[in-house]
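File shown here: coords_17.cif, holding mmCIF, C-alpha atoms.
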```cif
data_start
loop_
_atom_site.label_atom_id
_atom_site.label_comp_id
_atom_site.auth_asym_id
_atom_site.auth_seq_id
_atom_site.Cartn_x
_atom_site.Cartn_y
_atom_site.Cartn_z
CA MET V 1 94.60 93.38 74.25
CA SER V 2 98.08 92.40 75.45
CA ILE V 3 100.53 94.10 77.80
CA SER V 4 104.31 93.96 78.02
CA LYS V 5 105.49 90.46 78.92
CA LYS V 6 108.09 92.03 81.18
CA VAL V 7 105.48 94.06 83.04
CA GLU V 8 103.23 91.03 83.28
CA GLY V 9 106.07 89.18 84.99
CA PHE V 10 106.74 92.12 87.29
CA LEU V 11 103.08 92.24 88.34
CA SER V 12 103.26 88.74 89.78
CA SER V 13 106.53 89.35 91.65
CA ALA V 14 105.59 92.76 93.04
CA SER V 15 102.19 91.97 94.39
CA TRP V 16 102.74 90.78 97.97
CA ILE V 17 101.66 93.98 99.71
CA ARG V 18 98.75 94.34 97.28
CA LYS V 19 97.75 90.71 97.87
CA MET V 20 97.74 91.17 101.63
CA PHE V 21 95.72 94.36 101.32
CA GLU V 22 93.12 92.49 99.28
CA GLU V 23 93.04 89.70 101.86
CA GLY V 24 92.53 92.33 104.53
CA GLU V 25 89.53 93.72 102.68
CA LYS V 26 87.95 90.25 102.67
CA LEU V 27 88.65 89.74 106.38
CA ARG V 28 87.29 93.16 107.31
CA ALA V 29 84.08 92.41 105.45
CA ILE V 30 83.67 89.17 107.43
CA HIS V 31 84.86 90.14 110.92
CA GLY V 32 84.65 93.95 110.98
CA PRO V 33 87.55 96.43 110.85
CA ASP V 34 88.23 96.34 114.59
CA LYS V 35 88.84 92.57 114.50
CA VAL V 36 91.45 92.68 111.73
CA PHE V 37 95.03 93.72 112.50
CA ASP V 38 96.64 95.09 109.36
CA PHE V 39 100.41 95.59 109.58
CA THR V 40 101.05 95.67 105.83
CA LEU V 41 101.16 99.27 104.60
CA GLY V 42 103.86 101.82 105.45
CA ASN V 43 101.39 104.69 105.31
CA PRO V 44 101.97 107.18 108.17
CA ASP V 45 99.01 107.41 110.55
CA VAL V 46 100.17 110.64 112.19
CA GLU V 47 99.27 114.09 110.91
CA PRO V 48 101.79 116.69 109.62
CA PRO V 49 103.27 119.00 112.26
CA LYS V 50 101.36 122.10 113.33
CA LYS V 51 103.71 124.43 111.47
CA PHE V 52 102.81 122.74 108.17
CA ARG V 53 99.17 123.68 108.65
CA GLU V 54 100.15 127.22 109.67
CA GLU V 55 102.31 127.74 106.58
CA LEU V 56 99.65 126.20 104.33
CA LYS V 57 97.04 128.59 105.70
CA LYS V 58 99.38 131.57 105.21
CA LEU V 59 99.87 130.68 101.56
CA ALA V 60 96.15 130.09 101.04
CA ASP V 61 95.27 133.42 102.62
CA ASN V 62 98.12 135.36 101.03
CA PRO V 63 98.87 133.74 97.67
CA ILE V 64 102.09 134.64 95.88
CA THR V 65 101.54 135.82 92.33
CA GLY V 66 102.43 133.01 89.93
CA MET V 67 102.98 130.47 92.68
CA HIS V 68 101.31 127.69 90.67
CA ARG V 69 103.28 128.28 87.48
CA TYR V 70 106.26 126.40 86.10
CA MET V 71 109.64 127.13 87.61
CA SER V 72 113.18 125.95 86.91
CA ASN V 73 113.18 122.18 86.44
CA ALA V 74 115.53 121.96 89.41
CA GLY V 75 112.97 123.66 91.65
CA TYR V 76 112.57 127.01 93.40
CA LEU V 77 115.86 128.63 94.30
CA GLU V 78 114.75 129.56 97.82
CA THR V 79 113.72 125.97 98.57
CA ARG V 80 116.98 124.53 97.33
CA GLU V 81 118.90 127.17 99.30
CA ALA V 82 117.02 126.24 102.48
CA ILE V 83 117.87 122.55 102.02
CA ALA V 84 121.49 123.33 101.14
CA LYS V 85 121.80 125.48 104.27
CA THR V 86 120.53 122.64 106.46
CA LEU V 87 122.88 120.11 104.84
CA SER V 88 125.82 122.49 105.27
CA GLN V 89 125.04 122.86 108.97
CA GLU V 90 124.81 119.10 109.41
CA THR V 91 127.95 118.18 107.46
CA ASN V 92 130.17 121.31 107.29
CA LEU V 93 130.36 120.70 103.54
CA PRO V 94 129.86 123.62 101.12
CA PHE V 95 126.39 122.74 99.86
CA GLN V 96 124.78 125.27 97.55
CA ALA V 97 121.40 125.41 95.83
CA LYS V 98 122.97 123.97 92.67
CA HIS V 99 123.64 120.70 94.52
CA ILE V 100 119.90 120.18 95.10
CA VAL V 101 117.23 119.08 92.60
CA MET V 102 113.62 119.05 93.80
CA THR V 103 111.76 115.88 92.79
CA VAL V 104 108.43 114.08 92.86
CA GLY V 105 109.17 112.11 96.01
CA ALA V 106 112.11 109.82 96.70
CA GLY V 107 110.86 107.38 94.06
CA GLY V 108 111.03 110.10 91.45
CA ALA V 109 114.46 111.08 92.74
CA LEU V 110 115.80 107.54 92.39
CA ASN V 111 114.52 107.27 88.82
CA VAL V 112 116.11 110.60 87.93
CA VAL V 113 119.48 109.56 89.36
CA LEU V 114 119.44 106.13 87.72
CA LYS V 115 118.39 107.60 84.35
CA SER V 116 121.26 110.08 84.64
CA ILE V 117 124.03 107.57 85.32
CA LEU V 118 123.11 104.20 83.78
CA ASP V 119 124.04 102.78 80.41
CA GLN V 120 122.49 99.55 79.19
CA ASP V 121 123.43 96.55 81.38
CA ASP V 122 125.26 98.66 83.97
CA GLU V 123 124.96 96.96 87.33
CA VAL V 124 123.42 98.44 90.46
CA ILE V 125 123.96 96.63 93.75
CA VAL V 126 121.14 96.44 96.30
CA LEU V 127 121.45 94.94 99.77
CA THR V 128 118.93 92.30 100.80
CA PRO V 129 116.41 92.73 102.26
CA PHE V 130 115.42 95.80 100.24
CA PHE V 131 112.50 97.94 99.09
CA VAL V 132 111.22 95.89 96.18
CA GLU V 133 110.67 98.87 93.85
CA TYR V 134 114.46 99.25 93.49
CA THR V 135 114.59 96.41 90.99
CA PHE V 136 111.88 98.01 88.84
CA TYR V 137 113.50 101.44 88.98
CA ILE V 138 116.82 99.95 87.86
CA ASP V 139 115.13 98.06 85.04
CA ASN V 140 113.35 101.27 83.96
CA HIS V 141 116.74 102.59 82.87
CA GLN V 142 118.19 99.39 81.35
CA GLY V 143 120.32 98.55 84.37
CA LYS V 144 120.83 95.16 85.99
CA THR V 145 120.14 94.52 89.67
CA VAL V 146 122.76 92.65 91.67
CA LYS V 147 121.52 91.46 95.07
CA VAL V 148 124.05 91.16 97.88
CA PRO V 149 122.99 89.71 101.24
CA THR V 150 123.57 91.54 104.49
CA LYS V 151 124.81 90.07 107.77
CA SER V 152 122.51 88.56 110.39
CA ASP V 153 122.08 92.02 111.96
CA PHE V 154 121.20 93.41 108.48
CA MET V 155 124.39 95.47 108.31
CA PRO V 156 126.33 95.50 105.01
CA ASP V 157 128.65 92.56 104.43
CA LEU V 158 131.66 94.42 103.06
CA ASP V 159 133.43 91.25 101.91
CA ALA V 160 130.39 90.15 99.91
CA LEU V 161 130.01 93.67 98.53
CA SER V 162 133.66 93.83 97.49
CA GLN V 163 133.35 90.52 95.63
CA ALA V 164 130.21 91.72 93.82
CA ILE V 165 131.79 94.92 92.46
CA ASN V 166 133.24 94.69 88.95
CA SER V 167 133.80 96.76 85.83
CA ARG V 168 130.04 96.90 85.17
CA THR V 169 129.15 98.23 88.63
CA LYS V 170 127.84 101.78 88.38
CA ALA V 171 126.16 102.29 91.75
CA ILE V 172 125.18 100.84 95.10
CA ILE V 173 121.86 101.72 96.71
CA ILE V 174 121.70 101.76 100.49
CA ASN V 175 118.69 102.57 102.66
CA SER V 176 119.25 103.76 106.24
CA PRO V 177 117.04 103.76 108.28
CA ASN V 178 116.04 100.70 106.36
CA ASN V 179 112.78 99.45 104.94
CA PRO V 180 111.99 96.68 105.93
CA THR V 181 114.33 96.19 108.91
CA GLY V 182 114.51 99.61 110.59
CA VAL V 183 118.28 99.30 111.09
CA VAL V 184 120.51 102.38 110.89
CA TYR V 185 124.03 102.19 109.47
CA SER V 186 126.57 103.57 111.91
CA LYS V 187 129.29 106.06 110.94
CA ASP V 188 131.86 103.30 111.32
CA VAL V 189 129.97 101.11 108.84
CA LEU V 190 129.62 103.98 106.37
CA ASP V 191 133.30 104.91 106.72
CA LYS V 192 134.39 101.34 106.01
CA LEU V 193 132.01 101.14 103.07
CA GLY V 194 133.33 104.44 101.72
CA LYS V 195 136.93 103.31 102.08
CA MET V 196 136.23 100.06 100.23
CA LEU V 197 134.44 101.89 97.40
CA SER V 198 137.26 104.43 97.07
CA GLU V 199 139.73 101.58 96.71
CA LYS V 200 137.51 99.91 94.11
CA GLU V 201 137.31 103.14 92.12
CA VAL V 202 141.10 103.25 91.93
CA GLU V 203 141.34 99.55 91.12
CA LEU V 204 138.73 99.73 88.33
CA ASN V 205 139.55 103.29 87.20
CA LYS V 206 135.91 104.41 87.25
CA GLU V 207 133.33 106.22 89.36
CA ILE V 208 131.06 104.13 91.55
CA TYR V 209 128.15 106.07 92.98
CA LEU V 210 126.79 105.43 96.44
CA ILE V 211 123.08 106.31 96.41
CA SER V 212 121.58 106.64 99.87
CA ASP V 213 117.77 106.42 100.00
CA GLU V 214 116.81 108.35 103.15
CA PRO V 215 113.08 109.11 103.50
CA TYR V 216 113.22 107.84 107.11
CA SER V 217 116.35 109.76 108.12
CA LYS V 218 114.57 111.87 110.75
CA LEU V 219 112.62 108.96 112.21
CA VAL V 220 115.19 107.64 114.68
CA TYR V 221 114.68 106.62 118.29
CA ASP V 222 117.80 105.56 120.16
CA ILE V 223 120.36 107.79 118.47
CA GLU V 224 120.54 111.55 117.92
CA ARG V 225 120.69 111.47 114.13
CA VAL V 226 121.50 109.29 111.13
CA PRO V 227 125.21 109.54 110.17
CA SER V 228 125.72 111.37 106.90
CA VAL V 229 126.92 109.36 103.91
CA PHE V 230 128.39 112.60 102.55
CA LEU V 231 131.10 112.47 105.23
CA SER V 232 132.09 108.91 104.37
CA TYR V 233 132.34 108.87 100.58
CA GLN V 234 132.98 111.50 97.91
CA ASN V 235 130.83 110.12 95.08
CA SER V 236 127.67 110.02 97.17
CA VAL V 237 124.11 111.02 96.38
CA VAL V 238 121.16 111.26 98.77
CA VAL V 239 117.60 110.81 97.56
CA THR V 240 114.87 111.56 100.03
CA SER V 241 111.39 112.90 100.57
CA HIS V 242 109.19 114.47 103.22
CA SER V 243 106.70 111.61 103.03
CA LYS V 244 107.65 110.25 106.44
CA ASP V 245 109.27 113.03 108.48
CA LEU V 246 106.44 115.47 107.72
CA ALA V 247 103.79 112.77 107.07
CA LEU V 248 103.17 113.96 103.50
CA PRO V 249 103.37 110.78 101.40
CA GLY V 250 100.50 111.79 99.14
CA GLU V 251 102.07 115.16 98.30
CA ARG V 252 105.06 113.54 96.57
CA ILE V 253 107.71 116.09 97.51
CA GLY V 254 111.37 115.09 97.68
CA TYR V 255 114.82 116.02 96.45
CA ILE V 256 118.21 114.83 95.27
CA ALA V 257 121.28 116.13 97.07
CA ILE V 258 124.70 115.45 95.57
CA ASN V 259 127.99 115.65 97.40
CA PRO V 260 129.70 118.96 96.47
CA GLN V 261 132.89 116.96 95.88
CA ILE V 262 131.29 114.45 93.49
CA THR V 263 132.73 113.80 90.01
CA PRO V 264 131.81 114.87 87.43
CA LEU V 265 129.97 117.66 89.29
CA ASP V 266 128.60 120.07 86.68
CA LEU V 267 127.80 117.40 84.10
CA LEU V 268 125.93 115.33 86.68
CA ILE V 269 123.89 118.34 87.83
CA GLU V 270 122.97 119.12 84.23
CA SER V 271 122.00 115.49 83.65
CA LEU V 272 119.80 115.32 86.76
CA ILE V 273 117.89 118.45 85.76
CA PHE V 274 117.47 117.19 82.19
CA CYS V 275 116.18 113.79 83.34
CA ASN V 276 113.84 115.36 85.89
CA ARG V 277 112.18 117.12 82.95
CA THR V 278 112.27 114.42 80.30
CA LEU V 279 111.07 111.58 82.51
CA GLY V 280 107.85 113.55 82.62
CA PHE V 281 108.08 114.90 86.16
CA VAL V 282 108.92 118.37 84.75
CA ASN V 283 109.25 119.78 88.27
CA ALA V 284 108.34 118.93 91.84
CA PRO V 285 104.93 120.18 93.09
CA ALA V 286 105.10 123.96 93.36
CA LEU V 287 102.93 124.42 96.44
CA MET V 288 104.81 121.79 98.44
CA GLN V 289 108.14 123.37 97.49
CA ARG V 290 106.90 126.67 98.94
CA LEU V 291 105.82 124.97 102.14
CA ILE V 292 108.82 122.78 102.93
CA CYS V 293 111.11 125.75 102.45
CA LYS V 294 110.01 126.82 105.95
CA LEU V 295 109.88 123.31 107.44
CA GLN V 296 113.42 121.95 107.20
CA GLN V 297 113.74 121.79 111.00
CA GLU V 298 110.29 120.25 111.57
CA THR V 299 109.25 116.61 112.04
CA VAL V 300 106.24 114.68 113.19
CA ASP V 301 106.16 113.59 116.84
CA ILE V 302 108.80 110.84 116.88
CA ALA V 303 107.76 109.76 120.39
CA LEU V 304 104.48 108.40 119.01
CA TYR V 305 106.31 105.98 116.73
CA LYS V 306 108.80 105.00 119.44
CA GLU V 307 105.98 104.15 121.83
CA LYS V 308 104.36 101.87 119.27
CA ARG V 309 107.68 100.30 118.31
CA ASP V 310 108.41 99.41 121.92
CA LEU V 311 104.91 98.05 122.53
CA LEU V 312 105.03 95.69 119.57
CA PHE V 313 108.73 94.80 119.76
CA ASN V 314 108.62 93.95 123.46
CA HIS V 315 105.54 91.76 123.05
CA LEU V 316 107.08 89.82 120.16
CA ILE V 317 110.32 89.33 122.07
CA ASP V 318 108.38 88.11 125.11
CA LEU V 319 106.66 85.58 122.85
CA GLY V 320 110.01 84.26 121.65
CA PHE V 321 110.20 85.86 118.23
CA ASP V 322 113.67 86.63 116.87
CA VAL V 323 113.71 90.35 116.01
CA VAL V 324 116.54 92.85 115.43
CA LYS V 325 115.46 95.99 117.31
CA PRO V 326 115.00 98.83 114.79
CA GLN V 327 116.60 102.20 115.50
CA GLY V 328 114.56 104.04 112.91
CA ALA V 329 111.74 104.02 110.33
CA PHE V 330 108.51 102.26 111.40
CA TYR V 331 108.99 98.59 110.57
CA LEU V 332 109.87 95.36 112.32
CA PHE V 333 111.39 92.46 110.36
CA PRO V 334 111.25 89.35 112.56
CA LYS V 335 112.50 85.94 111.56
CA SER V 336 109.68 83.60 110.59
CA PRO V 337 109.13 80.91 113.27
CA ILE V 338 108.90 78.36 110.44
CA PRO V 339 111.22 78.20 107.42
CA ASP V 340 108.45 78.99 104.91
CA ASP V 341 107.63 82.67 105.48
CA ILE V 342 104.72 82.55 103.04
CA GLU V 343 103.15 79.70 104.97
CA PHE V 344 103.66 81.62 108.21
CA VAL V 345 101.91 84.65 106.72
CA LYS V 346 98.95 82.41 105.91
CA MET V 347 98.93 81.12 109.50
CA ALA V 348 98.96 84.67 110.84
CA GLN V 349 96.07 85.52 108.57
CA GLU V 350 94.01 82.80 110.28
CA HIS V 351 94.38 84.92 113.42
CA ASN V 352 93.34 88.05 111.47
CA ILE V 353 96.93 89.33 111.49
CA LEU V 354 98.04 90.75 108.14
CA ILE V 355 101.78 90.87 107.50
CA VAL V 356 104.05 90.73 104.44
CA PRO V 357 106.43 87.81 103.79
CA GLY V 358 110.14 88.55 103.68
CA THR V 359 110.16 86.95 100.23
CA GLY V 360 108.59 90.20 99.00
CA PHE V 361 111.73 92.05 100.11
CA GLY V 362 114.26 89.58 98.75
CA GLN V 363 114.73 87.89 102.14
CA PRO V 364 112.81 84.61 102.54
CA GLY V 365 112.43 83.32 106.09
CA TYR V 366 111.36 86.68 107.56
CA PHE V 367 108.25 88.84 107.62
CA ARG V 368 107.61 92.58 107.76
CA LEU V 369 105.11 94.45 109.86
CA THR V 370 104.65 98.18 110.11
CA TYR V 371 103.76 100.03 113.28
CA CYS V 372 102.73 103.34 111.69
CA ILE V 373 99.17 102.35 112.51
CA ASP V 374 96.73 103.25 115.24
CA LYS V 375 98.08 102.29 118.67
CA LYS V 376 94.71 100.74 119.54
CA THR V 377 95.11 98.32 116.62
CA ILE V 378 98.47 97.20 118.02
CA GLU V 379 97.04 96.81 121.52
CA ASN V 380 94.05 94.84 120.24
CA SER V 381 96.34 92.58 118.21
CA LEU V 382 98.47 91.41 121.16
CA PRO V 383 96.17 88.52 122.17
CA ALA V 384 96.13 87.37 118.55
CA TRP V 385 99.94 87.38 118.46
CA THR V 386 99.94 85.42 121.73
CA ALA V 387 97.54 82.84 120.30
CA LEU V 388 99.65 82.53 117.14
CA ALA V 389 102.82 82.02 119.19
CA LYS V 390 101.10 79.40 121.35
CA ARG V 391 100.00 77.57 118.23
CA LEU V 392 103.64 77.44 117.16
CA GLY V 393 104.76 76.12 120.54
CA ARG V 394 106.21 79.40 121.72
CA LYS V 395 105.62 81.01 125.13
#
```
Starting from the coordinates I provided, produce the structure as structure tokens.
Amino acid sequence: MSISKKVEGFLSSASWIRKMFEEGEKLRAIHGPDKVFDFTLGNPDVEPPKKFREELKKLADNPITGMHRYMSNAGYLETREAIAKTLSQETNLPFQAKHIVMTVGAGGALNVVLKSILDQDDEVIVLTPFFVEYTFYIDNHQGKTVKVPTKSDFMPDLDALSQAINSRTKAIIINSPNNPTGVVYSKDVLDKLGKMLSEKEVELNKEIYLISDEPYSKLVYDIERVPSVFLSYQNSVVVTSHSKDLALPGERIGYIAINPQITPLDLLIESLIFCNRTLGFVNAPALMQRLICKLQQETVDIALYKEKRDLLFNHLIDLGFDVVKPQGAFYLFPKSPIPDDIEFVKMAQEHNILIVPGTGFGQPGYFRLTYCIDKKTIENSLPAWTALAKRLGRK
């Protein structure tokens, strides 16, 4: 039996996190779980906020008639109204329920948006380093990925972006707070990006969509909130989920929010709803829609992530690693102490440290580690990091 040659090729290029997980399983079998320090998976280790459990119990004890049936493909009206109300408060833009489509996570949302806007061979720009699934999502809908490097601080390089945009460019995907770097794009950066894109739209006489992937938008540490892309660019779309802010990754509940000023508005809304259905999602999970309707102001305890970020970041800095301090999400993306990041990952593995090479995120010469893991694991790993640094001639 054969499989698609394209998928076979994708399997080999998309397997870094899976490979490291498998290596971790081998190491845990040899040394025991407490002696292996796994920083590979971005799977939240905190529990959902208390109010989630309270609302879940209310629904279980007092079920709404028909609450598990189909609904509009866009999602429950009351849920979309609750999200629209929150977005209106944050942006002072006239969001309504019609500007929201409930989706099966942010991944589902991205596929729905890309299916809605792409024609064959349309180009979608992604900024390196990036979440590797973007390339597969774009390919799903016959688009072409164009990779544009960021600056040394992982902020967008507007000159490089401007040069990459052409008549085939249909969209740019940004991710702030970013996976894998944890950086947050400032309002000034977003404003300059929006200005450049507006000028390109006039120059090329076409719409260019700015798609902002924001599942980490409420996980920020040194700033009050993530600046809204909606205030910087008219043809903007946000895709997001409650996987991280409410610690519900397995529930697959997210949404698309489109700028009320976007063009073409009504046709795009109709397209998003159609694609949500015909891609096979049909609708977002009904029970989760009911729950998050009451949870738009809730988040997990951000202080827990900040404490772990500071513990790991400060130790790596003290050891001489070159790391941009993340303002959000739950990742660090240090520069590899040796040019070959894959070789460095193998060296770390010899100290029972499991990390993912930057090559897996389109950025060779770096490595990613996540700190959404048990604090004790981080604490126990510090001597191993010290030994690894000493081996490399660091402090």
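Note that the spacing between atom CA of Lys58 of chain V and atom CA of Ser241 of chain V amounts to 22.7 Å.
Nearest residue to Ala384 of chain V among V:Leu56, V:Val132, V:Leu231, V:Ala348 is V:Ala348, counting all atoms listed in the file.
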Report the residues retrieved by the PyMOL selection byres ((chain V and resi 193-204) around 10) from the displayed file, expressed as a ChimeraX atom specification. /V:156-159,161-162,165-169,172,187-192,205-210,229-236
Determine the axis-aligned bounding box of all atoms of segment 139-156 of chain V present in the file, pad each side by 6 Å, and express its centre and edge lengths in Å to one decimal place as JSON.
```
{"center_x": 119.8, "center_y": 95.6, "center_z": 96.7, "size_x": 25.0, "size_y": 26.0, "size_z": 42.6}
```
Distance of atom CA of Gln261 of chain V from atom CA of Gln89 of chain V, expressed in Å to one decimal place: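 Calculated distance between atom CA of Gln89 of chain V and atom CA of Gln261 of chain V is 16.4 Å.
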Do you have the atom CA of Thr377 of chain V-atom CA of Phe37 of chain V distance handy? 6.2 Å
Measuring atom to atom with all atoms listed in the file, identify which of V:Phe313, V:Tyr255, V:Phe361, V:Tyr366 is nearest to Asn73 of chain V. V:Tyr255
Which residue of V:Ile253, V:Leu127, V:Val46, V:Cys293 approaches Ala160 of chain V most closely, using only C-alpha atoms: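 Ranking V:Ile253, V:Leu127, V:Val46, V:Cys293 by distance to Ala160 of chain V, first place goes to V:Leu127.
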For the interface of segment 96-169 of chain V with segment 315-330 of chain V (cut-off 12 Å, counting only C-alpha atoms), please tabulate each contacting residue of segment 96-169 of chain V alongside its nearest pair of atoms and their separation in Å to one decimal, rows sorted by chain and increasing number, as a Markdown table.
```
| residue | atom | partner | partner_atom | distance |
| --- | --- | --- | --- | --- |
| V:Lys151 | CA | V:Val324 | CA | 11.6 |
| V:Ser152 | CA | V:Val324 | CA | 8.9 |
| V:Asp153 | CA | V:Val324 | CA | 6.6 |
| V:Phe154 | CA | V:Val324 | CA | 8.4 |
| V:Met155 | CA | V:Val324 | CA | 10.9 |
```
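Here the residues that fall within 9 Å of (100.7, 84.3, 114.7), using all atoms listed in the file, are given as Phe344, Val345, Met347, Ala348, Gln349, Glu350, His351, Asn352, Ile353, Ala384, Trp385, Thr386, Ala387, Leu388, Ala389, Lys390, Arg391 and Leu392 of chain V.
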If we count all atoms listed in the file, what is near segment 91-102 of chain V at a cut-off of 10 Å, once residues fewer than 3 positions away on the same chain are taken out, given as a ChimeraX atom specification? /V:72-88,105-106,108-109,112,227-231,237-241,253-262,265-266,268-270,272-273,276,283-286,289
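Shortest separation to Thr128 of chain V among V:Pro215, V:Gly250, V:Pro149, V:Pro383 occurs at residue V:Pro149, atoms counted being all atoms listed in the file.
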Any chance you could resolve the PyMOL selection byres ((chain V and resi 300-311) around 7) against this file and give the residues as a PDB file with C-alpha atoms, keeping the file's coordinate frame?
```pdb
ATOM      1  CA  PRO V  48     101.790 116.690 109.620  1.00  0.00           C
ATOM      2  CA  PRO V  49     103.270 119.000 112.260  1.00  0.00           C
ATOM      3  CA  LEU V 219     112.620 108.960 112.210  1.00  0.00           C
ATOM      4  CA  TYR V 221     114.680 106.620 118.290  1.00  0.00           C
ATOM      5  CA  ASP V 245     109.270 113.030 108.480  1.00  0.00           C
ATOM      6  CA  LEU V 246     106.440 115.470 107.720  1.00  0.00           C
ATOM      7  CA  ALA V 247     103.790 112.770 107.070  1.00  0.00           C
ATOM      8  CA  THR V 299     109.250 116.610 112.040  1.00  0.00           C
ATOM      9  CA  LEU V 312     105.030  95.690 119.570  1.00  0.00           C
ATOM     10  CA  PHE V 313     108.730  94.800 119.760  1.00  0.00           C
ATOM     11  CA  ASN V 314     108.620  93.950 123.460  1.00  0.00           C
ATOM     12  CA  HIS V 315     105.540  91.760 123.050  1.00  0.00           C
ATOM     13  CA  PHE V 330     108.510 102.260 111.400  1.00  0.00           C
ATOM     14  CA  TYR V 371     103.760 100.030 113.280  1.00  0.00           C
ATOM     15  CA  CYS V 372     102.730 103.340 111.690  1.00  0.00           C
ATOM     16  CA  LYS V 375      98.080 102.290 118.670  1.00  0.00           C
TER      17      LYS V 375
END
```
Could you pull the residues within 9 Å of Gln142 of chain V, counting all atoms listed in the file, minus those fewer than 3 positions along the same chain, as a list in words? Lys115, Leu118, Asp119, Gln120, Asp121, Asp122, Ile138 and Asp139 of chain V
Would you be able to write out as a list in words which residues have an atom within 6 Å of (111.4, 117.6, 104.1) in the file's coordinates, counting only C-alpha atoms?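 Protein and nucleic acid residues near the point are Ser241, His242, Ile292 and Gln296 of chain V.
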Tell me, as a list in words, which residues lie within 10 Å of Phe136 of chain V, counting all atoms listed in the file; anything in the same chain fewer than 2 positions away does not count. Val7, Phe10, Ala14, Asn111, Val132, Glu133, Tyr134, Ile138, Asp139, Asn140, His141, Gln142, Gly143, Lys144 and Thr145 of chain V
Using the chain letters and numbers from the file, which residues does the PyMOL selection byres ((chain V and resi 339) around 6) grab, as JSON, numbers by chain? {"V": [338, 340, 365]}
Take the residues from that selection and write them out as an mmCIF file, in the coordinates of the input, keeping C-alpha atoms.
```cif
data_model
loop_
_atom_site.group_PDB
_atom_site.id
_atom_site.type_symbol
_atom_site.label_atom_id
_atom_site.label_comp_id
_atom_site.auth_asym_id
_atom_site.auth_seq_id
_atom_site.Cartn_x
_atom_site.Cartn_y
_atom_site.Cartn_z
ATOM 1 C CA ILE V 338 108.900 78.360 110.440
ATOM 2 C CA ASP V 340 108.450 78.990 104.910
ATOM 3 C CA GLY V 365 112.430 83.320 106.090
#
```
Could you check which of V:Pro264, V:Glu23, V:Thr181, V:Val126 is closest to Thr370 of chain V, using all atoms listed in the file? V:Thr181
